[in-house]
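So the structure is just underneath, and the comments pick up after that.
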Amino acid sequence: MQRRKRHLSFDKISFMVVFLGLPLLIYLVLVIYPFLQAVHLSLTNWRGFGPISEADYVWLDNYVYLFTSSKFMLALGHNAMLAVFLPLITIILALTLAIVITVGGHSHGTIRGIRGASFYRIVSFFPYVIPGIIIGLMWRLLLDPGMGLVNGLLTTIGLDQFKDFAWLGKEETAMPVSMLVIVWGFVGFYMLLFIAAIKSIPSEIYEAVRIDGAGRWTTAVRVTIPLIRDNIQTAYIYMGIIALDAFIYMVALNPTGGPNYSTLVMSQELFNTAFGGQNMWGRGSAMGVVLALVTLAFSGLVFLVNRLTGGKDAVSY
Amino acid sequence: MSTNTLSENNRKVTVSRSDKTFAGVSHVLLVIWSLLVVGPLLWTLMTSFKTTREITASSTALPSALLTDPETGSFSLSYLFTNYISAWTSDNFGRYFFNTFIVVTSAMLLVMLLGAMCAYVLARYQFKGSQLIYYLMLAGLTFPIFLAIVPLYQVLKSLPLPWAPNGVFLGTFEGLILTYVAFALPFTVFFLYAFFRTLPNEIAEAAQVDGAGHWTTFFRIMLPMAKPGLASIGIFNFLGLWNQLLLPLALNTKEEQYVLAQGVFNFANKAKYEVNFGSLFAAVIITIVPVLIVYMIFQRQLQGSVSQGTMK
């Protein structure tokens with residue numbers, strides 16, 4: 001047995017080549033190489049014609065352009081805004097619902113979930129399985145000034161100022177409304193995540209807290225949230241990454257970037273630059289690099305903040 | 001809350017007032033949330049049975065025109081589904097549906113096979129460079145697809161595919177499928193890596209003592225044992241790939257090869273007076289139904305994998 005393992009039999013060689021080599025080859029060619037090539041392309045003014053090796057190097061010109069372009073900076077600002085508010089709103093809502101579902105039952109004996117918890121769980125998860133583009137389009141129709149349900153309901157209850165109100169067509173409402181649409185799509189997912197985390201907390205802890213006479217609010221803020229803070233960190237990073245992309249939702253809600261580009265995000269600008277007919281591949285790649293760096297910086301920041309405020313070490317069970 | 005005392009034998013517990021209030025408030029909250037989730041979906045479903053004229057006239061009125069077939073003067077299923085029929089046939093969503101099905105199913109099966117193989121080797125064999133591969137995979141999870149999208153177009157344009165019309169991967173289902181596989185691979189590997197780690201060693205060892213080779217051990221012993229993990233990641237990939245928009249938008253530009261997500265998107269973005277809104281609503285429902293069915297059937301596994309996959 002031992003000897004056979006050491007010998008490189010045909011079985012072993014063919015096994016390793018196919019099992020490791022094949023997936024790795026596909027991955028290297030279609031993921032890793034394009035990543036590296038993007039960095040390379042971002043230093044050129046390549047426009048898609050002829051071999052890349054013949055493109056002119058403009059070095060950092062593309063980046064200089066991006067940081068002086070008011071349109072790109074506007075898009076960057078929108079992404080930053082999304083990265084601040086989307087995780088915050090989504091997590092607060094998801095946590096509230098998760099806590100209510102898991103500890104909503106009456107307060108004696110073992111901790112009890114609310115009645116109908118599984119129904120609420122199933123319903124809440126719906127939006128997560130619906131394609132993002134459909135969520136966007138559906139809400140574009142729901143928010144349509146004339147034929148949308150939102151204005152229809154608002155005017156029915158007598159709020160006539162919302163007749164033909166263009167939620168997505170006004171600069172002051174387009175962005176907040178777009179955010180709420182994305183939140184709608186993700187609250188259920190994070191709620192489920194938090195429910196799983198809360199359920200993994202040993203019930204003895206809750207019982208002890210309860211015997212000590214802590215109320216629900218205290219239990220939630222002092223016990224539940226600190227115990228699942230690593231899950232909250234994960235959720236914050238995931239949601240932030242979604243906010244820094246946001247392509248699907250923004251492009252569905254306002255394909256051209258909204259009134260006065262008030263909902264334009266970096267990914268949209270990248271797509272238009274590279275594929276929108278201008279073929280600015282070098283500049284598009286530079287945008288990709290900026291997007292990737294911002295994403296990395298965001299994850300690092302959230303991680304650091306959680307560490308500095310005592311995550312990981314604060315709780316152990 | 002601590003007003004009621006509870007003795008071991010006393011099973012009849014009186015529910016305290018604060019409990020009742022809390023439960024009441026909780027239910028109100030959850031009901032509002034459920035309505036916010038289900039309401040828009042039901043409205044979209046309802047509107048898909050209205051004519052474009054009805055849709056633009058009132059958003060809250062119930063469908064009526066499609067309920068009576070003008071030819072017979074009574075209800076008929078085929079007339080009720082007018083929007084669906086026109087979406088499916090004249091607006092090409094039938095074709096898009098078929099395209100999506102082919103691309104997503106093949107990519108999902110392929111990524112599960114390749115992902116399982118790769119994860120198995122990484123989890124069960126020790127060799128030089130396995131750490132490096134692990135970090136390479138991590139990079140695929142960390143960096144956005146947007147970083148790769150521009151060069152990816154070029155890569156597919158230069159990869160030869162002899163039987164394709166223009167001789168390269170770009171613009172073929174093969175190219176799209178392979179790209180889907182590549183970008184779904186890292187998460188699949190991570191998920192199954194953890195799974196293969198937890199499987200017991202004894203059975204595989206026993207099989208090898210009996211003379212089973214590496215291939216046989218994997219396909220006959222380990223893969224069947226990994227079925228629950230494969231099911232979870234399979235559903236995850238199916239939903240994720242069904243929802244993919246960016247890759248087809250950038251790489252799959254021929255109208256007859258559109259997938260549903262991009263088909264609906266392009267359809268909705270036609271000039272407003274050109275859009276048949278009845279068809280659009282029907283197309284939205286056509287895109288949602290398969291994922292909802294998959295969700296309904298597999299919701300236990302899916303909810304399980306959400307908690308597992310994100311706890312790492």
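Quick note on naming: the chains in the structure tokens go A, B, ... in the order shown, residues restart at 1 in each chain, and ligands are numbered from 1 in order of appearance.
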Contact residues around Val123 of chain A with only C-alpha atoms at 8 Å, ignoring same-chain residues under 4 positions, as a ChimeraX atom specification:
/A:119 /B:34,37-38
Output N, CA and C atoms of each residue in that selection to a file, as a PDB file, in the first residue's frame.
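Result written to selection_7.pdb:
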ATOM      1  N   PHE A 119     -42.707  29.903   7.931  1.00  0.00           N
ATOM      2  CA  PHE A 119     -43.396  30.599   6.843  1.00  0.00           C
ATOM      3  C   PHE A 119     -42.681  31.920   6.524  1.00  0.00           C
TER       4      PHE A 119
ATOM      5  N   SER B  34     -43.632  40.610   5.070  1.00  0.00           N
ATOM      6  CA  SER B  34     -44.071  39.589   4.113  1.00  0.00           C
ATOM      7  C   SER B  34     -44.891  40.211   2.991  1.00  0.00           C
ATOM      8  N   VAL B  37     -42.762  41.840   0.520  1.00  0.00           N
ATOM      9  CA  VAL B  37     -42.074  40.884  -0.360  1.00  0.00           C
ATOM     10  C   VAL B  37     -43.035  40.304  -1.385  1.00  0.00           C
ATOM     11  N   VAL B  38     -44.185  39.844  -0.902  1.00  0.00           N
ATOM     12  CA  VAL B  38     -45.092  39.109  -1.776  1.00  0.00           C
ATOM     13  C   VAL B  38     -45.919  40.045  -2.654  1.00  0.00           C
TER      14      VAL B  38
END
Residues of chain B within 6 Å of chain A, using only C-alpha atoms, as a list in words?
Asp19, Ala23, Ser26, Thr56, Ser59, Leu114, Met117, Cys118, Phe143, Phe146, Leu147, Ala148, Pro151, Leu152, Ala182, Asn243 and Ser307 of chain B
Counting only C-alpha atoms, what is within 8 Å of segment 255-260 of chain B, bar same-chain residues fewer than 2 positions away, as a PyMOL selection string?
chain B and resi 93+95-97+99-100+173+248+252-253+262-264+287
Quick one: pull the distance between atom CA of Val291 of chain B and atom CA of Gly240 of chain B, Å, one decimal.
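Atom-to-atom, atom CA of Val291 of chain B to atom CA of Gly240 of chain B, that is 9.9 Å.
In this model, the gap between atom CA of Leu66 of chain B and atom CA of Trp43 of chain B comes to 16.2 Å.
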Tell me, as number ranges by chain, which residues lie within 10 Å of Met81 of chain A, counting only C-alpha atoms; anything in the same chain fewer than 3 positions away does not count.
A: 75-78, 84-86, 175, 179, 243-244
As number ranges by chain, please: the residues near Asp56 of chain A (cut-off 8 Å, only C-alpha atoms, same-chain neighbours under 4 positions excluded).
A: 44-46
Got time to write the residues from that selection, C-alpha atoms, as a tab-separated table (two decimals), in the first residue's frame?
chain	number	residue	atom	x	y	z
A	44	THR	CA	-2.14	51.33	-22.36
A	45	ASN	CA	-4.50	53.15	-24.66
A	46	TRP	CA	-5.54	49.94	-26.35
Segment 108-111 of chain B: which residues within 7 Å, counting only C-alpha atoms, same-chain residues fewer than 3 positions away excluded, as JSON, numbers by chain?
{"B": [104, 105, 114, 115, 181, 184, 185, 234, 237, 238]}
